[in-house]
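A.B. asks: Sharing a structure here in structure tokens format.
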Amino acid sequence: KMASGQQWVLVEMVQAFYEAPAYHLILEGILILWIVRLLFSKTYKLQERSDLTDKEKEELIEEWQPEPLVPQVSKDHPSLKYDVVSGPPSHKIIVNGKECINFASFNFLGLLDNERVKVCALASLQKYGVGTCGPRGFYGTFDVHLELEERLAKFMRTEEAIIYSYGFATIASAIPAYSKRGDIVFVDEAACFSIQKGLQASRSVIKYFKHNDMEDLERLLKEQEVEDQKNPRKARVTRRFIVVEGLYINTADVCPLPELVNLKYKYKVRIFLEESMSFGVLGEHGRGVTEHFDVNIDDIDLISANMENAVASIGGFCCGRSFVIDHQRLSGQGYCFSASLPPMLAAAAIEALNIMENDPDIFTILREKCRHVHKSLQGIPGLKVVGEPFAPALHLQLERSSGSRETDMKMLPQHLLVCFQCLDRQIAVTQARYLDKEEKFLPSPSIRVVVTIEQTEVEIEKAANCIREAALAILK
């Protein structure tokens with residue numbers, strides 16, 4: 001019975017062979033031949049070689065030159081020439097041994113050398129020591145950190161806040177904590193470098209829209225909506241974000257936040273708002289661009305800012321709803337793997353918030369100073385003012401730009417000469433610098449002028465006249 005059963009199976013196989021389609025037989029034949037070839041072929045080929053003498057080997061070794069570890073940089077590169085500061089970079093700054101009026105440091109509210117802030121920092125230094133020597137999850141969480149997070153959340157009127165020990169790493173860590181591979185991020189072309197590094201770390205699909213161009217952004221959102229309709233299953237698991245700055249550091253203009261919020265709800269995306277330049281600057285109480293436009297802060301999914309400008313400390317923070325912020329405590333790289341903020345800097349930031357809350361008039365004073373500087377810088381030969389009248393960090397760009405950054409960069413030595421001549425006359429300004437090979441969209445070359453509440457009208461006029469005379473002499 002067993003033999004007859006085997007014969008029957010064999011007959012069925014032969015019958016199936018004859019009934020099979022021709023293409024099926026050809027495909028199976030090719031597959032069998034390929035398997036046979038793999039079984040009998042060698043996995044490597046012996047390369048023909050000729051034995052070299054020891055002398056020939058030594059000669060080849062001597063002739064070989066390795067590729068340089070890094071590209072060669074000219075010794076005259078501006079980044080290799082440092083202006084050395086001795087003393088606090090407050091209202092008056094000592095640069096290369098010369099005391100100057102500071103129009104270069106982002107000390108907008110003048111808190112860097114504030115006595116109340118220094119007393120609190122010194123008391124914290126004596127209590128806690130210099131640093132923390134550990135991340136927040138490994139004995140790096142101090143009571144002063146929790147107090148600062150609570151105070152920031154209260155100041156910004158959000159549910160919760162989280163602090164980072166490095167300002168640059170704040171938004172660079174927050175973006176990849178939420179946006180992953182396959183997600184889609186719509187980003188303004190003028191976004192700062194820390195945002196760009198966060199996007200790179202996220203490995204998401206990045207779509208840039210023209211700077212502050214809401215029509216271009218909506219065009220991209222509509223195109224994505226069409227793509228989502230083609231593949232609804234994928235669309236359901238794909239997250240979409242809009243990432244913008246409140247006040248752009250590279251252009252000194254403000255984002256159109258009300259229009260962005262409208263697009264958020266229309267196309268069901270999330271908004272991440274980077275407010276390092278607008279926190280402590282815009283709004284009646286310094287709460288940033290949301291207060292400036294009277295936009296409900298709950299309409300923004302995540303707000304980030306550093307504490308290295310208006311607050312005059314170190315580090316940064318994110319704030320928003322509790323379930324959003326708590327996610328960073330497990331996924332924010334800069335939070336999880338960096339030593340926490342030194343307690344003395346956290347104490348300094350808390351006292352800075354006390355001053356900001358108790359004396360909101362400082363924001364009005366800052367805005368008035370910004371308008372004064374913006375007006376005073378008008379009409380400088382060869383240069384134009386770029387930025388909003390209320391921006392505390394303005395740019396002076398070439399009045400007649402060629403439209404090509406490469407061509408405009410040929411004027412770089414003249415920009416530096418303007419800065420040097422101002423420095424000789426005890427006015428400290430600086431040229432805006434960027435990583436040429438790293439930035440996605442390089443801004444036009446410019447001289448940056450920073451406004452603080454400590455600058456007097458006389459000093460502002462002196463600085464404007466100094467820049468004007470230097471430009472007249474150099475940018476003919």
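The chains in the structure tokens are called A, B, ... from first to last as shown; in each chain the residues are counted from 1, and the ligands are counted from 1 in the order shown.
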Within 7 Å of Ile171 (chain A), counting only C-alpha atoms, which residues qualify if same-chain residues fewer than 4 places away don't, as a list in words?

C.D. replies: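 Listing them by chain and then by number gives Ile175, Ser194, Ile195, Gly198 and Ser304 of chain A.
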
A.B. asks: Show which residues sit within 9 Å of region 231-244 of chain A, as a VMD selection string. Count only C-alpha atoms, and ignore same-chain residues fewer than 4 positions away.

C.D. replies: chain A and resid 175 178 to 180 182 to 188 190 to 191 195 225 227 248 255 260 264 268 to 275

A.B. asks: Would you mind listing what lies within 12 Å of Asn296 (chain A) as a PyMOL selection string, with only C-alpha atoms counted and same-chain residues fewer than 6 positions away left out?

C.D. replies: chain A and resi 156-158+257-258+261+287-290+320

A.B. asks: Restricting the output to all heavy atoms, write the selected residues as a compact mmCIF listing (two decimals), in the first residue's frame.

C.D. replies:
```
# COMPACT_ATOMS: atom_id res chain seq x y z
N MET A 156 5.14 81.46 32.25
CA MET A 156 4.63 81.31 30.89
C MET A 156 3.16 80.89 30.85
O MET A 156 2.58 80.79 29.78
CB MET A 156 5.47 80.26 30.14
CG MET A 156 6.91 80.70 29.87
SD MET A 156 7.01 82.15 28.83
CE MET A 156 6.44 81.49 27.27
N ARG A 157 2.56 80.62 32.03
CA ARG A 157 1.16 80.22 32.14
C ARG A 157 0.89 78.92 31.38
O ARG A 157 -0.10 78.80 30.63
CB ARG A 157 0.24 81.34 31.65
CG ARG A 157 0.32 82.59 32.51
CD ARG A 157 -0.58 83.70 32.02
NE ARG A 157 -0.54 84.83 32.94
CZ ARG A 157 -1.18 85.99 32.74
NH1 ARG A 157 -1.92 86.14 31.65
NH2 ARG A 157 -1.09 86.97 33.60
N THR A 158 1.78 77.96 31.59
CA THR A 158 1.61 76.62 31.03
C THR A 158 1.56 75.61 32.17
O THR A 158 1.84 75.95 33.33
CB THR A 158 2.76 76.27 30.07
OG1 THR A 158 4.01 76.37 30.77
CG2 THR A 158 2.78 77.20 28.88
N LEU A 257 2.33 84.53 13.78
CA LEU A 257 1.77 83.45 14.61
C LEU A 257 0.27 83.25 14.43
O LEU A 257 -0.18 82.10 14.36
CB LEU A 257 2.12 83.69 16.08
CG LEU A 257 1.82 82.53 17.02
CD1 LEU A 257 2.61 81.29 16.63
CD2 LEU A 257 2.12 82.91 18.47
N PRO A 258 -0.56 84.29 14.38
CA PRO A 258 -2.00 84.04 14.20
C PRO A 258 -2.31 83.25 12.94
O PRO A 258 -3.17 82.35 12.96
CB PRO A 258 -2.59 85.45 14.14
CG PRO A 258 -1.63 86.30 14.89
CD PRO A 258 -0.28 85.73 14.59
N VAL A 261 -1.38 79.58 13.47
CA VAL A 261 -2.37 78.87 14.29
C VAL A 261 -3.58 78.48 13.43
O VAL A 261 -4.13 77.38 13.55
CB VAL A 261 -2.79 79.72 15.49
CG1 VAL A 261 -3.98 79.08 16.22
CG2 VAL A 261 -1.62 79.90 16.46
N ARG A 287 6.45 87.57 27.94
CA ARG A 287 6.17 86.13 27.74
C ARG A 287 6.38 85.68 26.31
O ARG A 287 6.17 84.52 25.99
CB ARG A 287 4.74 85.81 28.19
CG ARG A 287 4.53 86.02 29.68
CD ARG A 287 3.20 85.44 30.17
NE ARG A 287 3.07 85.64 31.60
CZ ARG A 287 2.41 86.66 32.17
NH1 ARG A 287 1.83 87.55 31.39
NH2 ARG A 287 2.36 86.78 33.47
N GLY A 288 6.75 86.59 25.44
CA GLY A 288 7.12 86.17 24.09
C GLY A 288 6.08 86.50 23.05
O GLY A 288 5.18 87.33 23.24
N VAL A 289 6.18 85.79 21.93
CA VAL A 289 5.38 86.14 20.75
C VAL A 289 3.91 85.79 20.93
O VAL A 289 3.04 86.41 20.32
CB VAL A 289 5.99 85.45 19.51
CG1 VAL A 289 5.72 83.95 19.52
CG2 VAL A 289 5.46 86.06 18.22
N THR A 290 3.59 84.83 21.79
CA THR A 290 2.17 84.52 22.05
C THR A 290 1.49 85.71 22.73
O THR A 290 0.37 86.08 22.38
CB THR A 290 2.01 83.27 22.92
OG1 THR A 290 2.82 83.42 24.11
CG2 THR A 290 2.46 82.03 22.18
N GLY A 320 4.81 73.64 28.15
CA GLY A 320 3.58 73.24 27.46
C GLY A 320 2.73 72.39 28.38
O GLY A 320 2.83 72.48 29.61
```

A.B. asks: May I have the residues within 9 Å of Val451 (chain A) as number ranges by chain, using only C-alpha atoms and disregarding those fewer than 4 positions away in the same chain?

C.D. replies: A: 102-108, 366, 369-370, 373, 391-394, 455, 460

A.B. asks: Run DSSP on the backbone of this structure and report the residues of region 74-215 of chain A it assigns to alpha helix (DSSP H), as a ChimeraX atom specification.

C.D. replies: /A:115-128,143-156,167-178,193-202,214-215

A.B. asks: Mind dumping the selected residues with C-alpha atoms as a PDB file, in the first residue's frame?

C.D. replies:
```pdb
ATOM      1  CA  GLU A 115      23.563  92.791  41.988  1.00  0.00           C
ATOM      2  CA  ARG A 116      20.443  90.899  43.110  1.00  0.00           C
ATOM      3  CA  VAL A 117      21.151  88.124  40.608  1.00  0.00           C
ATOM      4  CA  LYS A 118      24.818  87.891  41.645  1.00  0.00           C
ATOM      5  CA  VAL A 119      23.946  87.700  45.355  1.00  0.00           C
ATOM      6  CA  CYS A 120      21.532  84.804  44.754  1.00  0.00           C
ATOM      7  CA  ALA A 121      24.047  83.005  42.539  1.00  0.00           C
ATOM      8  CA  LEU A 122      26.803  83.411  45.135  1.00  0.00           C
ATOM      9  CA  ALA A 123      24.578  82.086  47.936  1.00  0.00           C
ATOM     10  CA  SER A 124      23.725  79.069  45.785  1.00  0.00           C
ATOM     11  CA  LEU A 125      27.393  78.519  44.971  1.00  0.00           C
ATOM     12  CA  GLN A 126      28.251  78.398  48.658  1.00  0.00           C
ATOM     13  CA  LYS A 127      25.385  75.972  49.361  1.00  0.00           C
ATOM     14  CA  TYR A 128      25.622  73.558  46.396  1.00  0.00           C
ATOM     15  CA  ASP A 143      15.560  71.244  44.607  1.00  0.00           C
ATOM     16  CA  VAL A 144      16.513  74.488  42.864  1.00  0.00           C
ATOM     17  CA  HIS A 145      15.940  72.809  39.472  1.00  0.00           C
ATOM     18  CA  LEU A 146      12.406  71.848  40.427  1.00  0.00           C
ATOM     19  CA  GLU A 147      11.755  75.364  41.721  1.00  0.00           C
ATOM     20  CA  LEU A 148      12.996  76.905  38.453  1.00  0.00           C
ATOM     21  CA  GLU A 149      10.797  74.586  36.374  1.00  0.00           C
ATOM     22  CA  GLU A 150       7.789  75.484  38.491  1.00  0.00           C
ATOM     23  CA  ARG A 151       8.538  79.203  38.199  1.00  0.00           C
ATOM     24  CA  LEU A 152       8.997  79.044  34.416  1.00  0.00           C
ATOM     25  CA  ALA A 153       5.698  77.186  33.985  1.00  0.00           C
ATOM     26  CA  LYS A 154       3.954  79.770  36.149  1.00  0.00           C
ATOM     27  CA  PHE A 155       5.568  82.692  34.312  1.00  0.00           C
ATOM     28  CA  MET A 156       4.629  81.306  30.888  1.00  0.00           C
ATOM     29  CA  GLY A 167      20.621  76.440  25.371  1.00  0.00           C
ATOM     30  CA  PHE A 168      21.573  75.103  21.930  1.00  0.00           C
ATOM     31  CA  ALA A 169      20.627  71.556  22.942  1.00  0.00           C
ATOM     32  CA  THR A 170      17.124  72.528  24.070  1.00  0.00           C
ATOM     33  CA  ILE A 171      15.276  72.691  20.748  1.00  0.00           C
ATOM     34  CA  ALA A 172      17.858  70.343  19.172  1.00  0.00           C
ATOM     35  CA  SER A 173      16.771  67.712  21.722  1.00  0.00           C
ATOM     36  CA  ALA A 174      13.061  68.534  21.773  1.00  0.00           C
ATOM     37  CA  ILE A 175      12.428  68.058  18.039  1.00  0.00           C
ATOM     38  CA  PRO A 176      13.767  64.456  17.781  1.00  0.00           C
ATOM     39  CA  ALA A 177      11.990  63.573  21.021  1.00  0.00           C
ATOM     40  CA  TYR A 178       8.674  63.834  19.144  1.00  0.00           C
ATOM     41  CA  PHE A 193      21.152  76.283  13.359  1.00  0.00           C
ATOM     42  CA  SER A 194      19.948  74.582  16.562  1.00  0.00           C
ATOM     43  CA  ILE A 195      16.608  73.853  14.876  1.00  0.00           C
ATOM     44  CA  GLN A 196      18.452  72.471  11.856  1.00  0.00           C
ATOM     45  CA  LYS A 197      20.474  70.076  14.058  1.00  0.00           C
ATOM     46  CA  GLY A 198      17.291  68.920  15.766  1.00  0.00           C
ATOM     47  CA  LEU A 199      15.727  68.200  12.379  1.00  0.00           C
ATOM     48  CA  GLN A 200      18.826  66.286  11.323  1.00  0.00           C
ATOM     49  CA  ALA A 201      18.701  64.157  14.473  1.00  0.00           C
ATOM     50  CA  SER A 202      15.000  63.401  13.963  1.00  0.00           C
ATOM     51  CA  MET A 214       2.221  81.602   4.622  1.00  0.00           C
ATOM     52  CA  GLU A 215       1.056  81.040   1.035  1.00  0.00           C
TER      53      GLU A 215
END
```

A.B. asks: Go through A:Asp83, A:Glu12, A:Glu469, A:Glu284 one by one, measure the shortest atom-to-atom distance of each to Cys422 (chain A) using only C-alpha atoms, and give the residue with the smallest value.

C.D. replies: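 Using only C-alpha atoms, Cys422 (chain A) sits closest to A:Glu469.
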
A.B. asks: In Å to one decimal, how far is CA of Leu442 (chain A) from CA of Phe279 (chain A)?

C.D. replies: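 Distance between the two atoms: 24.3 Å.
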
A.B. asks: From the set A:Val70, A:Ile101, A:Ala305, A:Val36, which residue has the shortest atom-to-atom contact distance to Ala463 (chain A), counting only C-alpha atoms?

C.D. replies: A:Ile101

A.B. asks: For CA of Glu454 (chain A) and CA of Leu111 (chain A), determine how far apart the two atoms are, in Å to one decimal place.

C.D. replies: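 Going from CA of Glu454 (chain A) over to CA of Leu111 (chain A), I get 9.8 Å.
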
A.B. asks: Give me, please, the distance in Å between CA of His415 (chain A) and CA of Ser376 (chain A), quoted to one decimal.

C.D. replies: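 Between CA of His415 (chain A) and CA of Ser376 (chain A) the gap is 18.8 Å.
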
A.B. asks: For a quick check of understanding, using only C-alpha atoms, which of A:Pro445, A:Gly87, A:Gly286, A:Pro68 has the smallest distance to Met356 (chain A)?

C.D. replies: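 Using only C-alpha atoms, Met356 (chain A) sits closest to A:Gly286.
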
A.B. asks: Find the residue from A:Arg181, A:Leu220, A:Thr251, A:Cys192 that sits nearest to Tyr434 (chain A); use only C-alpha atoms when measuring.

C.D. replies: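 Looking at the shortest contact to Tyr434 (chain A), the residue is A:Cys192.
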
A.B. asks: How would you write, as a list in words, the set of residues in region 176-269 of chain A that DSSP gives as strand (DSSP E)?

C.D. replies: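 Selecting the strand (DSSP E) positions of region 176-269 of chain A gives Ile184, Val185, Phe186, Val187, Asp188, Val205, Ile206, Lys207, Tyr208, Phe209, Arg240, Phe241, Ile242, Val243, Val244 and Glu245 of chain A.
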
A.B. asks: Convert the current residue selection to file output with C-alpha atoms, as a CSV table (one decimal), in the first residue's frame.

C.D. replies:
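Output contents, as saved in again-v2.csv:
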```
chain,number,residue,atom,x,y,z
A,184,ILE,CA,6.9,65.3,8.3
A,185,VAL,CA,8.2,68.7,9.5
A,186,PHE,CA,7.5,72.0,7.7
A,187,VAL,CA,10.2,74.5,8.6
A,188,ASP,CA,10.9,78.1,7.8
A,205,VAL,CA,11.0,64.2,6.1
A,206,ILE,CA,11.8,68.0,6.1
A,207,LYS,CA,9.9,70.4,3.9
A,208,TYR,CA,11.1,74.0,3.9
A,209,PHE,CA,8.9,77.0,3.1
A,240,ARG,CA,3.1,66.5,11.1
A,241,PHE,CA,4.8,69.5,12.6
A,242,ILE,CA,5.4,73.2,11.8
A,243,VAL,CA,8.7,74.5,13.4
A,244,VAL,CA,9.3,78.3,13.5
A,245,GLU,CA,11.0,80.9,15.6
```

A.B. asks: Excluding Ser165 (chain A) and residues on its chain fewer than 2 positions from it, collect all residues at most 8 Å away from it, counting only C-alpha atoms, and give them as an MDAnalysis selection string.

C.D. replies: chainID A and resid 163 167 314:316 334:335 338:342

A.B. asks: Save out the residues we just selected, all heavy atoms, as an mmCIF file, in the first residue's frame.

C.D. replies:
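To be explicit, this is the file written out as result32.cif:
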```cif
data_model
loop_
_atom_site.group_PDB
_atom_site.id
_atom_site.type_symbol
_atom_site.label_atom_id
_atom_site.label_comp_id
_atom_site.auth_asym_id
_atom_site.auth_seq_id
_atom_site.Cartn_x
_atom_site.Cartn_y
_atom_site.Cartn_z
ATOM 1 N N ILE A 163 13.861 72.044 32.163
ATOM 2 C CA ILE A 163 15.052 72.845 31.888
ATOM 3 C C ILE A 163 16.188 71.963 31.381
ATOM 4 O O ILE A 163 16.310 70.791 31.740
ATOM 5 C CB ILE A 163 15.516 73.644 33.121
ATOM 6 C CG1 ILE A 163 15.849 72.709 34.289
ATOM 7 C CG2 ILE A 163 14.478 74.678 33.511
ATOM 8 C CD1 ILE A 163 16.477 73.425 35.475
ATOM 9 N N GLY A 167 21.667 75.809 26.164
ATOM 10 C CA GLY A 167 20.621 76.440 25.371
ATOM 11 C C GLY A 167 20.482 75.855 23.980
ATOM 12 O O GLY A 167 19.369 75.602 23.510
ATOM 13 N N ILE A 314 22.437 80.446 31.855
ATOM 14 C CA ILE A 314 22.860 79.400 30.918
ATOM 15 C C ILE A 314 21.733 78.377 30.844
ATOM 16 O O ILE A 314 20.951 78.214 31.770
ATOM 17 C CB ILE A 314 24.169 78.711 31.388
ATOM 18 C CG1 ILE A 314 25.333 79.699 31.323
ATOM 19 C CG2 ILE A 314 24.498 77.487 30.536
ATOM 20 C CD1 ILE A 314 25.741 80.087 29.912
ATOM 21 N N GLY A 315 21.670 77.644 29.724
ATOM 22 C CA GLY A 315 20.679 76.582 29.585
ATOM 23 C C GLY A 315 19.456 77.050 28.831
ATOM 24 O O GLY A 315 19.425 78.130 28.235
ATOM 25 N N GLY A 316 18.436 76.201 28.851
ATOM 26 C CA GLY A 316 17.199 76.510 28.160
ATOM 27 C C GLY A 316 16.041 75.773 28.791
ATOM 28 O O GLY A 316 16.221 74.991 29.738
ATOM 29 N N GLY A 334 19.475 65.893 25.381
ATOM 30 C CA GLY A 334 20.231 66.842 26.190
ATOM 31 C C GLY A 334 19.845 66.806 27.652
ATOM 32 O O GLY A 334 20.642 67.157 28.524
ATOM 33 N N TYR A 335 18.618 66.391 27.944
ATOM 34 C CA TYR A 335 18.143 66.284 29.325
ATOM 35 C C TYR A 335 18.641 64.990 29.973
ATOM 36 O O TYR A 335 19.088 64.993 31.117
ATOM 37 C CB TYR A 335 16.621 66.329 29.337
ATOM 38 C CG TYR A 335 15.991 66.212 30.705
ATOM 39 C CD1 TYR A 335 15.730 67.342 31.467
ATOM 40 C CD2 TYR A 335 15.644 64.970 31.239
ATOM 41 C CE1 TYR A 335 15.142 67.247 32.723
ATOM 42 C CE2 TYR A 335 15.058 64.862 32.486
ATOM 43 C CZ TYR A 335 14.817 66.007 33.225
ATOM 44 O OH TYR A 335 14.244 65.904 34.471
ATOM 45 N N SER A 338 23.133 64.775 29.599
ATOM 46 C CA SER A 338 24.047 65.856 29.973
ATOM 47 C C SER A 338 23.938 66.131 31.461
ATOM 48 O O SER A 338 22.865 65.979 32.059
ATOM 49 C CB SER A 338 23.725 67.137 29.197
ATOM 50 O OG SER A 338 23.946 66.962 27.824
ATOM 51 N N ALA A 339 25.052 66.565 32.058
ATOM 52 C CA ALA A 339 25.005 66.985 33.460
ATOM 53 C C ALA A 339 24.007 68.127 33.591
ATOM 54 O O ALA A 339 23.899 68.984 32.711
ATOM 55 C CB ALA A 339 26.389 67.420 33.926
ATOM 56 N N SER A 340 23.277 68.129 34.679
ATOM 57 C CA SER A 340 22.224 69.120 34.854
ATOM 58 C C SER A 340 22.804 70.518 35.073
ATOM 59 O O SER A 340 23.991 70.690 35.323
ATOM 60 C CB SER A 340 21.325 68.725 36.027
ATOM 61 O OG SER A 340 22.092 68.608 37.219
ATOM 62 N N LEU A 341 21.928 71.499 34.986
ATOM 63 C CA LEU A 341 22.319 72.904 35.113
ATOM 64 C C LEU A 341 22.939 73.156 36.489
ATOM 65 O O LEU A 341 22.379 72.757 37.507
ATOM 66 C CB LEU A 341 21.077 73.782 34.924
ATOM 67 C CG LEU A 341 21.281 75.283 34.871
ATOM 68 C CD1 LEU A 341 22.006 75.683 33.593
ATOM 69 C CD2 LEU A 341 19.940 76.000 34.962
ATOM 70 N N PRO A 342 24.112 73.816 36.555
ATOM 71 C CA PRO A 342 24.685 74.158 37.866
ATOM 72 C C PRO A 342 23.674 74.916 38.714
ATOM 73 O O PRO A 342 23.022 75.855 38.222
ATOM 74 C CB PRO A 342 25.890 75.029 37.500
ATOM 75 C CG PRO A 342 26.295 74.550 36.147
ATOM 76 C CD PRO A 342 25.005 74.192 35.449
#
```

A.B. asks: Can you list, as a PyMOL selection string, every protein, DNA or RNA residue that comes within 8 Å of Glu388 (chain A) when you count only C-alpha atoms, leaving out same-chain residues fewer than 2 positions away?

C.D. replies: chain A and resi 252-254+386+390-391+394

A.B. asks: Output N, CA and C atoms of each residue in that selection to a file, as a compact mmCIF listing (two decimals), in the first residue's frame.

C.D. replies:
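This went into selection_15.txt:
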```
# COMPACT_ATOMS: atom_id res chain seq x y z
N ALA A 252 15.81 88.94 12.31
CA ALA A 252 15.28 89.93 13.26
C ALA A 252 13.84 90.32 12.96
N ASP A 253 13.08 89.43 12.33
CA ASP A 253 11.66 89.70 12.16
C ASP A 253 10.83 88.61 12.85
N VAL A 254 9.56 88.92 13.07
CA VAL A 254 8.70 88.08 13.89
C VAL A 254 7.88 87.16 12.99
N VAL A 386 17.93 95.71 8.80
CA VAL A 386 17.04 94.57 8.59
C VAL A 386 16.50 94.13 9.94
N PHE A 390 11.06 96.61 16.97
CA PHE A 390 11.08 96.16 18.37
C PHE A 390 12.05 95.00 18.60
N ALA A 391 12.83 94.62 17.58
CA ALA A 391 13.79 93.51 17.73
C ALA A 391 15.04 94.00 18.44
N LEU A 394 19.48 93.64 15.73
CA LEU A 394 19.23 94.06 14.36
C LEU A 394 20.42 93.71 13.47
```

A.B. asks: Nearest residue to Asp361 (chain A) out of A:Pro88, A:Gly387, A:Gly131, A:Gly280, using only C-alpha atoms?

C.D. replies: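 Answer, going by the shortest atom-to-atom distance: A:Gly280.
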
A.B. asks: Choose the residue, out of A:Asn465, A:Asn358, A:Thr53, A:Asn96, that has the smallest atom-to-atom separation from Gly379 (chain A); count only C-alpha atoms.

C.D. replies: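 Closest to Gly379 (chain A), using only C-alpha atoms: A:Asn465.
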